[in-house]
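Student: The structure follows.
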Amino acid sequence: MTTPFPIRVLTLFPEFFESPLATSLTGKAIDRGHFSVELTDIRAFTTDKHRTCDDLPYGGGAGMVMKPEPLVAALEDAREALPGAPRILLTPQGEPFTQQIAAELSEEPGLILTCGRYEGVDERVREHWIDRELSLGDFVLTGGEVAAMAIIDAVTRLLPGVLGNQDSIEEESFSRPLLEYPHFTRPRSFRGHEVPEVLLSGDHGRIAQWRHEQALERTRRRRPDLLPPAHRDDDP
C-alpha cells in the first residue's frame with residue numbers, strides 16, 4: 001500500500017480542523033490512506049504554566065505577536081518528523097495561492113502548515129524557520145486555520161486516487177488558462193430553461209468545440225487577466 005501523503009498543521013486551535021477533515025471526500029481519502037493530517041497544538045511547546053504563545057510587540061502598537069519560542073519548537077519537531085516537507089506560513093503577506101501552487105505542493109514529500117494568529121509571528125521565525133509564505137487573497141482572516149484547510153483541500157484532491165475521475169482535474173477551472181465551461185444535467189427542461197441542444201447531439205467533436213468556446217467566452221467576461229493579451233477582447 002502507498003504511504004499516505006503526510007501533512008502536519010501547527011495551530012493554536014486544532015479543534016477547528018476536526019469536522020472538515022472528517023467530512024465528504026476529504027474524510028474518505030484519509031480513511032483510505034491517501035493522505036494523513038497530524039494536528040499539532042503550538043501550546044504543547046510552551047514552558048510556562050499559562051501556556052503563553054503571544055506577547056506585546058516591541059516598539060508598541062496594537063495587538064499581540066506570536067512568540068518565537070513555542071512556535072520554533074513546534075516547527076523543529078515537525079521538521080524532524082517530516083524532513084523534506086516545506087514549512088509554510090499562512091499569512092496575508094504571502095504569495096497568492098493558485099492552482100499551479102497546489103499542483104507543485106502535491107509533488108512535495110509532505111507539508112508543514114503553520115497557522116498565523118494575532119498581528120502575526122515574530123519576524124525571526126519568518127526569516128529563519130519558514131520556507132514559503134502563502135495567502136488566499138487580499139483580505140485578512142482571524143487566523144491561518146481557514147487558509148490551511150483550503151490548501152489541504154486543494155492539494156490533496158490532486159493526489160493520485162483521491163478523485164474518482166482523474167480526468168476532471170484537467171478540465172476544471174485554473175488547470176488550464178480558462179475557466180471551466182458550463183455544466184447541465186437532468187431534467188432537459190427546467191421551468192422553461194432548456195439544456196443547449198448541442199449537448200444532446202451525441203457529436204463529441206461539436207460538444208468539445210462548444211465547451212471550448214463557452215470556456216473562452218466565460219473567461220473573457222469574468223477573468224480576462226487569465227488570457228494572453230490577444231485574447232482579451234470584450235466581444236468573444
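Here, A, B, ... name the chains of the C-alpha cells in the order displayed, residue numbers run from 1 inside each chain, and ligands are numbered from 1 in the same displayed order.
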Near Leu12 in chain A, within 10 Å and counting only C-alpha atoms, which residues show up once chain neighbours fewer than 3 positions away are dropped, as a ChimeraX atom specification?
Tutor: /A:9,15-16,39-44,53,71,114-117,143-145
Student: Name the residues in contact with range 80-92 of chain A at a cut-off of 9 Å, using only C-alpha atoms, excluding same-chain residues fewer than 5 positions from it; report them as a count of residues only.
Tutor: 35
Student: From the list A:Ala62, A:Leu216, A:Ile151, A:Leu159, which residue is nearest Thr2 in chain A when using only C-alpha atoms?
Tutor: A:Leu159
Student: For a test of reading the model, state the distance in Å between CA of Thr219 in chain A and CA of Ser201 in chain A, rounded to one decimal.
Tutor: 25.0 Å
Student: Out of A:Asp31, A:Glu194, A:Glu18, A:Asp225, which residue has the shortest atom-to-atom distance to Val162 in chain A when counting only C-alpha atoms?
Tutor: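 Looking at the shortest contact to Val162 in chain A, the residue is A:Asp31.
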Student: Go through A:Gly94, A:Gly205, A:Pro4, A:Gly59 one by one, measure the shortest atom-to-atom distance of each to His34 in chain A using only C-alpha atoms, and give the residue with the smallest value.
Tutor: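 Of all the options, A:Pro4 lies closest to His34 in chain A.
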Student: Quick one: everything within 12 Å of Arg32 in chain A, counting only C-alpha atoms, minus sequence neighbours fewer than 5 positions away in the same chain. Send it as number ranges by chain.
Tutor: A: 1-5, 25-27, 160-163
Student: Where does DSSP see strand (DSSP E or B) in range 34-193 of chain A, if you list the residues as a PyMOL selection string?
Tutor: chain A and resi 35-41+54-55+65-66+87-96+111-115+117+121+132-135+143+176+178+189-190+193
Student: Taking 6 positions as the minimum chain separation for residues in the same chain, which residues sit within 12 Å of Leu200 in chain A when counting only C-alpha atoms? Answer as a ChimeraX atom specification.
Tutor: /A:184-186,188,194,206-207
Student: Which residue out of A:Thr142, A:Leu226, A:Arg218, A:Ala154 has the minimum interatomic distance to Pro177 in chain A when only C-alpha atoms are used?
Tutor: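 With only C-alpha atoms as the atom set, the closest residue is A:Leu226.
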Student: Assign secondary structure with DSSP using the backbone only, and return the residues of range 8-37 of chain A in helix (DSSP H, G or I) as a ChimeraX atom specification.
Tutor: /A:14-21,24-31
Student: For CA of Pro224 in chain A and CA of Ala103 in chain A, quote the distance in Å rounded to one decimal.
Tutor: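 Spanning CA of Pro224 in chain A to CA of Ala103 in chain A is a straight-line distance of 22.4 Å.
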